[in-house]
Amino acid sequence: MVSSTRAADRVLLGVPASRGLAAGPTLRFQRAAALPAPRPGSDPAAEATLAASALAAVAVELAERSAAASTAQARDVLEAQALMAADPVLAESVAARVAAGEDAAYAVHGALGEQADGLRAGGGFLAERAADLEDVRDRAVARILGRPSPAIPSSGRPFVLVAEDLSPADTATLSPDLVLALVTERGGPTSHTAIIARALGLPAIVGCPGATGIEDGTLVLVDGEAGRLEIGVDQAAADEAAERQRASWQAELEHAGEPGRTADGHPVPLLLNIGSADDLPGDLPGTGLDSVEGVGLFRTELLFLDRADAPGFEEQRAAYERVFRALPGRRVVVRTLDAGADKPLPFLNLGTEANPALGVRGLRTARSRPELLDLQLAAIAAAADVTEADVWVMAPMVSVEAEAREFAAEARAHGLAKVGVMIEVPAAALLAERILRHVDFLSIGTNDLGQYTMAADRQNGALGDLLDPAQPAVLALIAMCARAAAAAGKPVGVCGEAAGDPALAPVLVGLGISSLSMSARAVPAVRAALARHSLNDAERVAGEALARS
């Protein structure tokens with residue numbers, strides 16, 4: 001609790017999304033105003049042209065914002081949004097509504113709103129993308145009506161941005177010099193707001209009911225680690241929070257450049273989660289390539305998303321080679337295509353599923369399209385052959401021993417020597433000992449493992465307590481995997497959000513986890529946390545965490 005000359009007027013609680021403390025006046029982000037009354041008797045041809053022109057203009061706008069985005073994550077999602085605006089299926093839906101008598105604004109609003117509702121009903125990754133569609137909708141409708149597009153409010157001094165939700169287009173050009181922290185009423189810990197906040201190093205709280213009711217200019221304190229928003233604090237509390245944040249950052253940088261290890265020297269390699277070569281960090285103190293030992297999760301699906309055809313061999317090989325060349329002699333763990341029903345790829349033609357999170361995704365897509373996996377493994381192997389990186393490859397969404405055995409055989413047939421699988425499904429954790437007979441390592445994805453273990457949708461902010469990776473049931477499955485790996489003499493890492501949590505990192509090491517992979521911004525805090533604990537300390541706190549009720 002912040003000590004101050006006057007306590008906060010009240011406190012709101014939400015889902016922790018990005019750690020850190022920040023205090024300042026609030027400014028609310030306003031989405032589009034309500035639609036005006038329909039225009040009766042409008043000219044269908046003119047309305048169709050107006051709608052098509054608006055969508056085309058939004059596609060161009062989003063492509064331009066992508067080029068100017070401040071993070072690679074924002075660039076990738078903005079490119080996807082631009083493709084949404086240019087989607088021919090959307091154009092057909094809008095045209096049909098115009099033909100049925102709707103004016104341009106109502107046709108665009110209805111078509112995109114219907115698509116967004118469908119995504120939100122799908123849950124998981126699909127629900128994340130509903131906000132992206134709604135942003136495209138609001139921008140196109142604003143153009144039709146001659147209104148300004150949704151935009152981050154301007155201010156002459158730094159502020160805490162409060163919103164119902166934020167899209168990638170809203171956050172793409174955020175300046176950390178002006179925006180102190182983010183607070184949203186909607187969203188979960190893996191929403192775009194949370195991901196971009198972490199990439200920018202901004203404290204953030206999501207799923208915080210009542211936040212948009214705070215009057216602009218109210219002084220608040222945002223605790224992104226606790227998910228706590230204190231409203232009506234005084235200037236002394238704000239100044240103290242700023243000082244504590246500066247001191248915390250300086251303490252984290254004390255061990256910059258050192259390898260990951262506990263206080264008594266037990267090595268814990270710290271690795272990066274990336275989606276492309278653009279995600280490799282620059283020279284920000286404590287977060288550059290010299291601060292890590294490689295890449296623990298190279299997400300390859302960004303090459304595949306939002307396109308009509310799968311990327312070919314040469315396109316894939318070139319993308320992988322860019323990453324491998326940047327990390328000579330260091331580990332790069334490549335995750336094969338993690339897409340399917342919950343991350344829809346039009347060229348897969350998998351059809352609609354009632355529950356995409358439990359459907360055809362990850363390695364399961366190879367059941368119907370084995371040629372995609374074969375081509376990807378060939379491209380990874382070709383890129384590895386001409387570079388000096390230590391390339392490992394792993395499959396997502398493995399559930400049974402046979403899947404691990406078959407994937408390992410195919411990867412090795414392509415000449416890839418280090419083969420592993422993701423542990424995201426409780427069944428795989430329970431079978432870890434048997435799976436390790438066929439693979440060289442395990443990598444635990446705590447985001448999915450948590451949601452499947454606790455039967456709690458990752459995007460549901462109301463279930464934030466169940467989605468906490470420190471839940472004893474989730475930790476018990478992690479410990480089971482670590483014991484199996486130790487018995488087999490093989491490594492087991494964590495590459496989910498839990499790995500970047502400095503409070504949880506020592507617990508994971510105490511359970512027997514051998515490496516941690518995270519965003520670049522999380523590396524200094526995790527390194528510092530490990531350096532404060534001996535291995536015995538870590539094992540003790542791990543035991544306490546497992547025993548927690």
# chains A, B, ... in the order shown; residues from 1 in each chain; ligands from 1

$ residues_around --residues "stretch 46-51 of chain A" --least-positions-apart "6" --cutoff "7 Å" --atoms "only C-alpha atoms" --output "PDB file with all heavy atoms, in the first residue's frame"
ATOM      1  N   ALA A  95     -22.058  -4.877 -49.269  1.00  0.00           N
ATOM      2  CA  ALA A  95     -22.834  -4.653 -50.483  1.00  0.00           C
ATOM      3  C   ALA A  95     -24.223  -5.264 -50.368  1.00  0.00           C
ATOM      4  O   ALA A  95     -25.228  -4.671 -50.820  1.00  0.00           O
ATOM      5  CB  ALA A  95     -22.090  -5.239 -51.690  1.00  0.00           C
ATOM      6  N   VAL A  98     -26.362  -2.998 -48.234  1.00  0.00           N
ATOM      7  CA  VAL A  98     -26.770  -1.804 -48.975  1.00  0.00           C
ATOM      8  C   VAL A  98     -27.906  -2.156 -49.934  1.00  0.00           C
ATOM      9  O   VAL A  98     -28.901  -1.427 -50.059  1.00  0.00           O
ATOM     10  CB  VAL A  98     -25.578  -1.197 -49.738  1.00  0.00           C
ATOM     11  CG1 VAL A  98     -26.057  -0.114 -50.698  1.00  0.00           C
ATOM     12  CG2 VAL A  98     -24.568  -0.609 -48.753  1.00  0.00           C
ATOM     13  N   ASP A 103     -28.127   2.304 -45.420  1.00  0.00           N
ATOM     14  CA  ASP A 103     -27.178   3.280 -45.941  1.00  0.00           C
ATOM     15  C   ASP A 103     -25.761   2.809 -45.633  1.00  0.00           C
ATOM     16  O   ASP A 103     -25.552   1.806 -44.938  1.00  0.00           O
ATOM     17  CB  ASP A 103     -27.457   4.684 -45.400  1.00  0.00           C
ATOM     18  CG  ASP A 103     -27.303   4.791 -43.894  1.00  0.00           C
ATOM     19  OD1 ASP A 103     -26.398   4.138 -43.331  1.00  0.00           O
ATOM     20  OD2 ASP A 103     -28.078   5.533 -43.259  1.00  0.00           O
ATOM     21  N   ALA A 104     -24.754   3.522 -46.140  1.00  0.00           N
ATOM     22  CA  ALA A 104     -23.367   3.069 -46.048  1.00  0.00           C
ATOM     23  C   ALA A 104     -22.915   2.887 -44.608  1.00  0.00           C
ATOM     24  O   ALA A 104     -22.284   1.881 -44.261  1.00  0.00           O
ATOM     25  CB  ALA A 104     -22.454   4.061 -46.771  1.00  0.00           C
ATOM     26  N   VAL A 108     -21.836  -0.829 -43.086  1.00  0.00           N
ATOM     27  CA  VAL A 108     -20.494  -1.116 -42.575  1.00  0.00           C
ATOM     28  C   VAL A 108     -20.554  -1.478 -41.092  1.00  0.00           C
ATOM     29  O   VAL A 108     -19.931  -2.449 -40.640  1.00  0.00           O
ATOM     30  CB  VAL A 108     -19.558   0.089 -42.812  1.00  0.00           C
ATOM     31  CG1 VAL A 108     -18.257  -0.076 -42.035  1.00  0.00           C
ATOM     32  CG2 VAL A 108     -19.272   0.250 -44.299  1.00  0.00           C
ATOM     33  N   ILE A 144     -17.211   7.704 -43.313  1.00  0.00           N
ATOM     34  CA  ILE A 144     -18.480   7.848 -44.030  1.00  0.00           C
ATOM     35  C   ILE A 144     -19.248   9.071 -43.529  1.00  0.00           C
ATOM     36  O   ILE A 144     -19.833   9.823 -44.312  1.00  0.00           O
ATOM     37  CB  ILE A 144     -19.329   6.568 -43.863  1.00  0.00           C
ATOM     38  CG1 ILE A 144     -18.682   5.407 -44.633  1.00  0.00           C
ATOM     39  CG2 ILE A 144     -20.766   6.790 -44.347  1.00  0.00           C
ATOM     40  CD1 ILE A 144     -19.277   4.053 -44.304  1.00  0.00           C
TER      41      ILE A 144
END

$ select_by_dssp --residues "stretch 265-423 of chain A" --states "strand (DSSP E)" --output "list of chain:residue names"
A:Leu270, A:Leu271, A:Leu272, A:Asn273, A:Ile274, A:Gly294, A:Val295, A:Gly296, A:Leu297, A:Phe298, A:Arg299, A:Arg331, A:Val332, A:Val333, A:Val334, A:Arg335, A:Asp390, A:Val391, A:Trp392, A:Val393, A:Met394, A:Ala395, A:Lys418, A:Val419, A:Gly420, A:Val421, A:Met422, A:Ile423

$ residues_around --residues "stretch 175-177 of chain A" --least-positions-apart "6" --cutoff "8 Å" --atoms "only C-alpha atoms" --output "list of chain:residue names"
A:Pro158, A:Leu200, A:Gly201, A:Leu202

$ closest_residue --among "A:Ala181, A:Leu436, A:Val332, A:Ala236" --to "A:Ala408" --atoms "only C-alpha atoms"
A:Leu436

$ residues_around --residues "A:Glu252" --least-positions-apart "3" --cutoff "8 Å" --atoms "only C-alpha atoms" --output "ChimeraX atom specification"
/A:248-249,255-256,524-525,527-528

$ closest_residue --among "A:Arg412, A:Lys418, A:Lys490, A:Arg322" --to "A:Arg437" --atoms "only C-alpha atoms"
A:Lys490

$ residues_around --residues "A:Gly510" --least-positions-apart "2" --cutoff "12 Å" --atoms "only C-alpha atoms" --output "CSV table (one decimal) with all heavy atoms, in the first residue's frame"
chain,number,residue,atom,x,y,z
A,262,THR,N,21.0,-18.1,-10.2
A,262,THR,CA,20.6,-17.8,-8.8
A,262,THR,C,21.8,-17.2,-8.1
A,262,THR,O,22.9,-17.1,-8.6
A,262,THR,CB,20.1,-19.1,-8.2
A,262,THR,OG1,21.2,-20.0,-8.2
A,262,THR,CG2,18.9,-19.7,-8.9
A,266,HIS,N,23.6,-21.1,-9.7
A,266,HIS,CA,22.9,-22.1,-10.5
A,266,HIS,C,22.4,-21.5,-11.8
A,266,HIS,O,21.7,-20.5,-11.8
A,266,HIS,CB,21.7,-22.6,-9.7
A,266,HIS,CG,20.8,-23.6,-10.5
A,266,HIS,ND1,21.2,-24.9,-10.8
A,266,HIS,CD2,19.6,-23.4,-11.0
A,266,HIS,CE1,20.2,-25.4,-11.5
A,266,HIS,NE2,19.2,-24.6,-11.6
A,268,VAL,N,20.5,-20.4,-15.1
A,268,VAL,CA,19.1,-20.4,-15.6
A,268,VAL,C,19.1,-19.6,-16.9
A,268,VAL,O,19.0,-18.3,-16.8
A,268,VAL,CB,18.1,-19.8,-14.6
A,268,VAL,CG1,16.7,-20.0,-15.1
A,268,VAL,CG2,18.2,-20.5,-13.2
A,475,LEU,N,0.9,-25.3,-11.1
A,475,LEU,CA,2.3,-25.6,-10.7
A,475,LEU,C,2.6,-27.0,-10.5
A,475,LEU,O,3.7,-27.5,-10.7
A,475,LEU,CB,2.6,-24.8,-9.3
A,475,LEU,CG,2.5,-23.3,-9.4
A,475,LEU,CD1,2.8,-22.7,-8.0
A,475,LEU,CD2,3.6,-22.8,-10.4
A,478,ILE,N,3.5,-28.4,-13.8
A,478,ILE,CA,4.8,-27.9,-14.2
A,478,ILE,C,5.9,-28.8,-13.5
A,478,ILE,O,6.9,-29.2,-14.0
A,478,ILE,CB,5.0,-26.4,-13.9
A,478,ILE,CG1,4.1,-25.6,-14.8
A,478,ILE,CG2,6.4,-26.0,-14.0
A,478,ILE,CD1,4.0,-24.1,-14.4
A,479,ALA,N,5.6,-29.0,-12.1
A,479,ALA,CA,6.6,-29.8,-11.4
A,479,ALA,C,6.7,-31.2,-11.9
A,479,ALA,O,7.8,-31.8,-11.9
A,479,ALA,CB,6.1,-29.8,-9.9
A,482,ALA,N,8.9,-31.2,-14.8
A,482,ALA,CA,10.3,-30.9,-14.4
A,482,ALA,C,10.9,-32.2,-13.9
A,482,ALA,O,12.1,-32.5,-14.2
A,482,ALA,CB,10.4,-29.8,-13.4
A,483,ARG,N,10.2,-33.0,-13.1
A,483,ARG,CA,10.7,-34.2,-12.5
A,483,ARG,C,11.0,-35.2,-13.7
A,483,ARG,O,12.0,-35.9,-13.6
A,483,ARG,CB,9.7,-34.8,-11.5
A,483,ARG,CG,9.6,-34.0,-10.2
A,483,ARG,CD,8.9,-34.9,-9.1
A,483,ARG,NE,7.5,-35.1,-9.5
A,483,ARG,CZ,6.5,-34.3,-9.2
A,483,ARG,NH1,6.7,-33.2,-8.5
A,483,ARG,NH2,5.3,-34.6,-9.5
A,504,LEU,N,7.3,-15.0,-9.9
A,504,LEU,CA,7.1,-16.4,-10.1
A,504,LEU,C,8.4,-17.1,-10.7
A,504,LEU,O,8.5,-18.3,-10.5
A,504,LEU,CB,6.0,-16.6,-11.1
A,504,LEU,CG,5.3,-18.0,-11.2
A,504,LEU,CD1,4.9,-18.5,-9.9
A,504,LEU,CD2,4.2,-17.9,-12.2
A,505,ALA,N,9.3,-16.4,-11.2
A,505,ALA,CA,10.5,-17.0,-11.8
A,505,ALA,C,11.3,-17.9,-10.8
A,505,ALA,O,11.6,-19.0,-11.1
A,505,ALA,CB,11.4,-15.9,-12.4
A,506,PRO,N,11.5,-17.4,-9.6
A,506,PRO,CA,12.2,-18.3,-8.6
A,506,PRO,C,11.4,-19.5,-8.3
A,506,PRO,O,12.0,-20.6,-8.1
A,506,PRO,CB,12.4,-17.4,-7.4
A,506,PRO,CG,12.3,-16.0,-7.9
A,506,PRO,CD,11.3,-16.0,-9.0
A,507,VAL,N,10.1,-19.4,-8.3
A,507,VAL,CA,9.3,-20.6,-8.0
A,507,VAL,C,9.4,-21.6,-9.1
A,507,VAL,O,9.6,-22.8,-8.9
A,507,VAL,CB,7.8,-20.2,-7.9
A,507,VAL,CG1,6.9,-21.4,-7.8
A,507,VAL,CG2,7.6,-19.2,-6.7
A,508,LEU,N,9.4,-21.2,-10.4
A,508,LEU,CA,9.6,-22.1,-11.5
A,508,LEU,C,11.0,-22.8,-11.4
A,508,LEU,O,11.1,-24.0,-11.7
A,508,LEU,CB,9.4,-21.3,-12.8
A,508,LEU,CG,8.1,-20.7,-13.1
A,508,LEU,CD1,8.1,-19.9,-14.3
A,508,LEU,CD2,7.0,-21.8,-13.2
A,512,GLY,N,12.2,-26.9,-10.8
A,512,GLY,CA,13.1,-27.7,-11.6
A,512,GLY,C,13.1,-27.2,-13.1
A,512,GLY,O,13.7,-27.9,-13.9
A,513,ILE,N,12.5,-26.1,-13.3
A,513,ILE,CA,12.6,-25.5,-14.7
A,513,ILE,C,14.0,-25.1,-15.0
A,513,ILE,O,14.7,-24.4,-14.2
A,513,ILE,CB,11.6,-24.4,-14.8
A,513,ILE,CG1,10.2,-24.9,-14.7
A,513,ILE,CG2,11.8,-23.6,-16.2
A,513,ILE,CD1,9.8,-25.9,-15.7
A,514,SER,N,14.5,-25.4,-16.2
A,514,SER,CA,15.9,-25.1,-16.5
A,514,SER,C,16.2,-23.9,-17.3
A,514,SER,O,17.3,-23.4,-17.4
A,514,SER,CB,16.5,-26.3,-17.3
A,514,SER,OG,15.7,-26.7,-18.4
A,515,SER,N,15.1,-23.3,-18.0
A,515,SER,CA,15.3,-22.0,-18.7
A,515,SER,C,14.0,-21.3,-18.7
A,515,SER,O,12.9,-21.9,-18.6
A,515,SER,CB,15.8,-22.3,-20.1
A,515,SER,OG,14.8,-22.9,-20.9
A,530,LEU,N,16.1,-13.6,-9.8
A,530,LEU,CA,16.9,-14.9,-9.6
A,530,LEU,C,18.1,-14.6,-8.8
A,530,LEU,O,18.5,-15.4,-8.0
A,530,LEU,CB,17.2,-15.5,-10.9
A,530,LEU,CG,16.1,-16.0,-11.8
A,530,LEU,CD1,16.6,-16.5,-13.1
A,530,LEU,CD2,15.3,-17.0,-11.1
A,533,HIS,N,17.9,-14.9,-5.0
A,533,HIS,CA,17.5,-16.2,-4.4
A,533,HIS,C,18.6,-17.3,-4.7
A,533,HIS,O,19.0,-17.4,-5.8
A,533,HIS,CB,16.2,-16.7,-4.9
A,533,HIS,CG,15.0,-15.9,-4.6
A,533,HIS,ND1,14.7,-14.7,-5.2
A,533,HIS,CD2,14.0,-16.0,-3.6
A,533,HIS,CE1,13.6,-14.1,-4.7
A,533,HIS,NE2,13.2,-14.9,-3.7
A,534,SER,N,18.9,-18.0,-3.6
A,534,SER,CA,19.7,-19.2,-3.9
A,534,SER,C,18.8,-20.3,-4.4
A,534,SER,O,17.6,-20.2,-4.3
A,534,SER,CB,20.4,-19.7,-2.6
A,534,SER,OG,19.4,-20.2,-1.7
A,535,LEU,N,19.4,-21.4,-4.9
A,535,LEU,CA,18.6,-22.5,-5.4
A,535,LEU,C,17.8,-23.1,-4.3
A,535,LEU,O,16.6,-23.5,-4.4
A,535,LEU,CB,19.5,-23.6,-6.1
A,535,LEU,CG,18.8,-24.8,-6.6
A,535,LEU,CD1,17.7,-24.3,-7.7
A,535,LEU,CD2,19.7,-25.8,-7.2
A,536,ASN,N,18.4,-23.2,-3.1
A,536,ASN,CA,17.6,-23.7,-1.9
A,536,ASN,C,16.4,-22.8,-1.6
A,536,ASN,O,15.3,-23.3,-1.3
A,536,ASN,CB,18.5,-23.8,-0.7
A,536,ASN,CG,19.5,-25.0,-0.7
A,536,ASN,OD1,19.2,-26.0,-1.5
A,536,ASN,ND2,20.5,-25.0,0.0
A,537,ASP,N,16.6,-21.5,-1.7
A,537,ASP,CA,15.5,-20.5,-1.5
A,537,ASP,C,14.4,-20.8,-2.5
A,537,ASP,O,13.2,-20.8,-2.1
A,537,ASP,CB,16.0,-19.1,-1.6
A,537,ASP,CG,16.9,-18.6,-0.5
A,537,ASP,OD1,16.9,-19.2,0.6
A,537,ASP,OD2,17.7,-17.6,-0.8
A,538,ALA,N,14.8,-21.0,-3.7
A,538,ALA,CA,13.8,-21.2,-4.8
A,538,ALA,C,13.1,-22.5,-4.6
A,538,ALA,O,11.8,-22.5,-4.8
A,538,ALA,CB,14.5,-21.2,-6.2
A,539,GLU,N,13.7,-23.5,-4.1
A,539,GLU,CA,13.1,-24.8,-3.9
A,539,GLU,C,12.1,-24.6,-2.7
A,539,GLU,O,11.0,-25.2,-2.7
A,539,GLU,CB,14.1,-25.9,-3.6
A,539,GLU,CG,14.9,-26.2,-4.9
A,539,GLU,CD,16.0,-27.1,-4.6
A,539,GLU,OE1,16.4,-27.3,-3.4
A,539,GLU,OE2,16.6,-27.7,-5.6
A,540,ARG,N,12.5,-23.8,-1.7
A,540,ARG,CA,11.6,-23.6,-0.6
A,540,ARG,C,10.3,-22.9,-1.0
A,540,ARG,O,9.2,-23.3,-0.6
A,540,ARG,CB,12.3,-22.9,0.5
A,540,ARG,CG,11.5,-22.5,1.7
A,540,ARG,CD,12.3,-21.7,2.8
A,540,ARG,NE,12.9,-20.5,2.2
A,540,ARG,CZ,12.2,-19.4,1.9
A,540,ARG,NH1,10.9,-19.3,2.2
A,540,ARG,NH2,12.9,-18.4,1.4
A,541,VAL,N,10.5,-21.8,-1.7
A,541,VAL,CA,9.3,-21.0,-2.1
A,541,VAL,C,8.4,-21.8,-3.1
A,541,VAL,O,7.2,-21.7,-3.1
A,541,VAL,CB,9.7,-19.6,-2.7
A,541,VAL,CG1,10.4,-18.8,-1.6
A,541,VAL,CG2,10.5,-19.8,-3.9
A,542,ALA,N,9.1,-22.7,-3.9
A,542,ALA,CA,8.3,-23.5,-4.8
A,542,ALA,C,7.4,-24.5,-4.0
A,542,ALA,O,6.2,-24.7,-4.3
A,542,ALA,CB,9.2,-24.3,-5.7
A,543,GLY,N,8.0,-25.1,-2.9
A,543,GLY,CA,7.2,-26.0,-2.1
A,543,GLY,C,6.1,-25.3,-1.4
A,543,GLY,O,5.0,-25.8,-1.3
A,544,GLU,N,6.3,-24.0,-0.9
A,544,GLU,CA,5.2,-23.2,-0.3
A,544,GLU,C,4.1,-22.9,-1.3
A,544,GLU,O,2.9,-23.0,-1.0
A,544,GLU,CB,5.8,-22.0,0.3
A,544,GLU,CG,6.8,-22.2,1.4
A,544,GLU,CD,7.5,-20.9,1.9
A,544,GLU,OE1,7.4,-19.9,1.1
A,544,GLU,OE2,8.2,-20.9,2.9
A,545,ALA,N,4.5,-22.6,-2.6
A,545,ALA,CA,3.5,-22.3,-3.6
A,545,ALA,C,2.7,-23.5,-3.9
A,545,ALA,O,1.5,-23.4,-4.1
A,545,ALA,CB,4.2,-21.8,-4.8
A,546,LEU,N,3.3,-24.7,-4.0
A,546,LEU,CA,2.5,-25.9,-4.3
A,546,LEU,C,1.5,-26.2,-3.1
A,546,LEU,O,0.5,-26.8,-3.4
A,546,LEU,CB,3.5,-27.1,-4.4
A,546,LEU,CG,4.2,-27.2,-5.8
A,546,LEU,CD1,5.3,-28.3,-5.7
A,546,LEU,CD2,3.2,-27.5,-6.9

$ closest_atom_pairs --of "stretch 444-479 of chain A" --to "stretch 391-399 of chain A" --cutoff "12 Å" --atoms "only C-alpha atoms" --output "Markdown table"
| residue | atom | partner | partner_atom | distance |
| --- | --- | --- | --- | --- |
| A:Ile444 | CA | A:Pro396 | CA | 9.8 |
| A:Gly445 | CA | A:Pro396 | CA | 8.9 |
| A:Asp448 | CA | A:Met397 | CA | 9.1 |
| A:Leu449 | CA | A:Met397 | CA | 9.8 |
| A:Tyr452 | CA | A:Met397 | CA | 11.3 |

$ write_last_selection --atoms "C-alpha atoms" --output "PDB file, in the first residue's frame"
ATOM      1  CA  ILE A 444       5.760 -25.287 -21.129  1.00  0.00           C
ATOM      2  CA  GLY A 445       3.259 -22.723 -22.406  1.00  0.00           C
ATOM      3  CA  ASP A 448      -2.727 -22.347 -22.447  1.00  0.00           C
ATOM      4  CA  LEU A 449      -1.795 -24.838 -19.750  1.00  0.00           C
ATOM      5  CA  TYR A 452      -7.074 -25.727 -19.978  1.00  0.00           C
TER       6      TYR A 452
END

$ closest_atom_pairs --of "stretch 51-148 of chain A" --to "stretch 28-38 of chain A" --cutoff "9 Å" --atoms "only C-alpha atoms" --output "JSON lines"
{"residue": "A:Glu102", "atom": "CA", "partner": "A:Pro38", "partner_atom": "CA", "distance": 7.6}
{"residue": "A:Asp103", "atom": "CA", "partner": "A:Pro38", "partner_atom": "CA", "distance": 6.7}
{"residue": "A:Ala105", "atom": "CA", "partner": "A:Leu35", "partner_atom": "CA", "distance": 7.8}
{"residue": "A:Tyr106", "atom": "CA", "partner": "A:Pro38", "partner_atom": "CA", "distance": 7.3}
{"residue": "A:His109", "atom": "CA", "partner": "A:Leu35", "partner_atom": "CA", "distance": 8.9}
{"residue": "A:Asp135", "atom": "CA", "partner": "A:Arg31", "partner_atom": "CA", "distance": 8.7}
{"residue": "A:Asp138", "atom": "CA", "partner": "A:Ala32", "partner_atom": "CA", "distance": 5.9}
{"residue": "A:Arg139", "atom": "CA", "partner": "A:Ala32", "partner_atom": "CA", "distance": 8.1}
{"residue": "A:Val141", "atom": "CA", "partner": "A:Ala32", "partner_atom": "CA", "distance": 8.5}
{"residue": "A:Ala142", "atom": "CA", "partner": "A:Ala32", "partner_atom": "CA", "distance": 7.3}
{"residue": "A:Leu145", "atom": "CA", "partner": "A:Leu35", "partner_atom": "CA", "distance": 8.9}
{"residue": "A:Arg147", "atom": "CA", "partner": "A:Ala32", "partner_atom": "CA", "distance": 8.9}
{"residue": "A:Pro148", "atom": "CA", "partner": "A:Ala32", "partner_atom": "CA", "distance": 8.8}

$ closest_residue --among "A:Ala404, A:Pro426, A:Gly24, A:Val89" --to "A:Ala237" --atoms "only C-alpha atoms"
A:Gly24

$ residues_around --residues "A:Cys208" --least-positions-apart "2" --cutoff "10 Å" --atoms "only C-alpha atoms" --output "PyMOL selection string"
chain A and resi 12-16+162-164+183-188+205-206+210-212+227-229+461-462

$ select_by_dssp --residues "stretch 24-79 of chain A" --states "alpha helix (DSSP H)" --output "ChimeraX atom specification"
/A:44-68,72-79

$ residues_around --residues "A:Val439" --least-positions-apart "2" --cutoff "6 Å" --atoms "only C-alpha atoms" --output "PDB file with N, CA and C atoms, in the first residue's frame"
ATOM      1  N   VAL A 419      14.792 -31.673 -31.091  1.00  0.00           N
ATOM      2  CA  VAL A 419      13.345 -31.705 -31.322  1.00  0.00           C
ATOM      3  C   VAL A 419      12.619 -31.804 -29.991  1.00  0.00           C
ATOM      4  N   GLY A 420      11.607 -30.955 -29.819  1.00  0.00           N
ATOM      5  CA  GLY A 420      10.833 -30.980 -28.587  1.00  0.00           C
ATOM      6  C   GLY A 420       9.357 -30.733 -28.844  1.00  0.00           C
ATOM      7  N   LEU A 436       8.898 -37.792 -23.266  1.00  0.00           N
ATOM      8  CA  LEU A 436      10.350 -37.543 -23.276  1.00  0.00           C
ATOM      9  C   LEU A 436      11.153 -38.724 -23.809  1.00  0.00           C
ATOM     10  N   PHE A 441      13.539 -32.209 -25.544  1.00  0.00           N
ATOM     11  CA  PHE A 441      13.236 -31.180 -24.546  1.00  0.00           C
ATOM     12  C   PHE A 441      11.740 -30.924 -24.518  1.00  0.00           C
TER      13      PHE A 441
END
